[in-house]
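S.K.: I have a structure here, written as structure tokens, and I will follow up with some questions on it.
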Amino acid sequence: MWASVGDRLVVHGRIVGQQDRTAEIIEVLGISGGPPYRVRFEDGHETLMSPGPDTVIRHFASEE
């Protein structure tokens, strides 16, 4: 898994009725674009993430 600043992480809900969450990658801390990533969620919360299998990366270039 690799990403760059500006890409988005989409974390899918794990239980019925739980909404997906989207976070923007604001810093890549791993080697060659790998995790962990510092991210900012839509509500302004910032945290470090090492995405799991329930997470998809949406690359910034593919959103144009």
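Within each chain, counting starts at residue 1; across the structure tokens, chains are named A, B, ... in the order shown, with ligands numbered 1 upward in that order.
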Considering only C-alpha atoms, return as an mmCIF file with all heavy atoms, in the first residue's frame whatever protein or nucleic-acid residues lie within 7 Å of Gly33 (chain A), sequence-local ones (same chain, fewer than 2 positions apart) excluded.
M.R.:
```cif
data_model
loop_
_atom_site.group_PDB
_atom_site.id
_atom_site.type_symbol
_atom_site.label_atom_id
_atom_site.label_comp_id
_atom_site.auth_asym_id
_atom_site.auth_seq_id
_atom_site.Cartn_x
_atom_site.Cartn_y
_atom_site.Cartn_z
ATOM 1 N N TRP A 2 0.608 2.166 -0.903
ATOM 2 C CA TRP A 2 1.348 3.421 -0.923
ATOM 3 C C TRP A 2 0.386 4.563 -1.168
ATOM 4 O O TRP A 2 -0.664 4.399 -1.777
ATOM 5 C CB TRP A 2 2.444 3.407 -1.984
ATOM 6 C CG TRP A 2 1.908 3.373 -3.391
ATOM 7 C CD1 TRP A 2 1.596 2.266 -4.122
ATOM 8 C CD2 TRP A 2 1.568 4.490 -4.209
ATOM 9 N NE1 TRP A 2 1.104 2.622 -5.338
ATOM 10 C CE2 TRP A 2 1.073 3.994 -5.426
ATOM 11 C CE3 TRP A 2 1.637 5.869 -4.036
ATOM 12 C CZ2 TRP A 2 0.647 4.819 -6.450
ATOM 13 C CZ3 TRP A 2 1.210 6.686 -5.067
ATOM 14 C CH2 TRP A 2 0.732 6.155 -6.255
ATOM 15 N N ALA A 3 0.755 5.734 -0.687
ATOM 16 C CA ALA A 3 -0.071 6.920 -0.850
ATOM 17 C C ALA A 3 0.820 8.149 -0.785
ATOM 18 O O ALA A 3 1.999 8.056 -0.438
ATOM 19 C CB ALA A 3 -1.138 6.980 0.231
ATOM 20 N N SER A 4 0.239 9.287 -1.108
ATOM 21 C CA SER A 4 0.966 10.546 -1.009
ATOM 22 C C SER A 4 0.042 11.600 -0.395
ATOM 23 O O SER A 4 -1.172 11.401 -0.278
ATOM 24 C CB SER A 4 1.485 10.988 -2.376
ATOM 25 O OG SER A 4 0.444 11.082 -3.306
ATOM 26 N N VAL A 28 2.941 11.679 5.122
ATOM 27 C CA VAL A 28 3.312 10.274 4.956
ATOM 28 C C VAL A 28 4.551 10.038 5.803
ATOM 29 O O VAL A 28 5.575 10.690 5.615
ATOM 30 C CB VAL A 28 3.605 9.943 3.469
ATOM 31 C CG1 VAL A 28 4.065 8.506 3.323
ATOM 32 C CG2 VAL A 28 2.377 10.208 2.611
ATOM 33 N N GLY A 30 5.818 6.773 6.482
ATOM 34 C CA GLY A 30 6.487 5.529 6.131
ATOM 35 C C GLY A 30 7.490 5.717 5.004
ATOM 36 O O GLY A 30 7.606 6.784 4.401
ATOM 37 N N ILE A 31 8.186 4.650 4.701
ATOM 38 C CA ILE A 31 9.184 4.656 3.634
ATOM 39 C C ILE A 31 8.483 4.458 2.294
ATOM 40 O O ILE A 31 7.595 3.613 2.163
ATOM 41 C CB ILE A 31 10.217 3.542 3.871
ATOM 42 C CG1 ILE A 31 10.952 3.788 5.189
ATOM 43 C CG2 ILE A 31 11.192 3.430 2.707
ATOM 44 C CD1 ILE A 31 11.819 2.641 5.633
ATOM 45 N N PRO A 35 2.603 3.243 4.999
ATOM 46 C CA PRO A 35 2.097 3.691 6.294
ATOM 47 C C PRO A 35 3.205 3.727 7.346
ATOM 48 O O PRO A 35 4.230 3.081 7.157
ATOM 49 C CB PRO A 35 1.043 2.645 6.647
ATOM 50 C CG PRO A 35 1.173 1.547 5.674
ATOM 51 C CD PRO A 35 2.086 1.975 4.585
#
```
S.K.: Might you pull out every residue within 12 Å of Thr22 (chain A), with only C-alpha atoms counted and same-chain residues fewer than 4 positions away left off, and present them as a ChimeraX atom specification?
M.R.: /A:7-13,39-46,55-58
S.K.: Using DSSP secondary structure from the backbone, list all strand (DSSP E or B) positions within chain A, as number ranges by chain.
M.R.: A: 8-11, 21-28, 37-41, 46-49, 55-58
S.K.: Considering only C-alpha atoms, can you say which of A:Gly52, A:Ile25, A:Asp20, A:His59 comes closest to Tyr37 (chain A)?
M.R.: A:Ile25
S.K.: Name the residues of chain A that come out as helix (DSSP H, G or I) in a backbone DSSP run; write them as a PyMOL selection string.
M.R.: chain A and resi 31-33+60-63
S.K.: Could you tell me how far CA of Gln19 (chain A) sits from CA of Phe60 (chain A), in Å to one decimal place?
M.R.: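 Taking CA of Phe60 (chain A) and CA of Gln19 (chain A), their separation equals 21.9 Å.
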S.K.: I'd like the interatomic distance between CA of Pro53 (chain A) and CA of Gly17 (chain A), to a tenth of an Å.
M.R.: 18.8 Å
S.K.: Which residue, A:Pro51, A:Ile15, A:Val5, A:Ala61, has the smallest gap to Glu27 (chain A) when you use only C-alpha atoms?
M.R.: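 Of A:Pro51, A:Ile15, A:Val5, A:Ala61, the one nearest Glu27 (chain A) is A:Val5, counting only C-alpha atoms.
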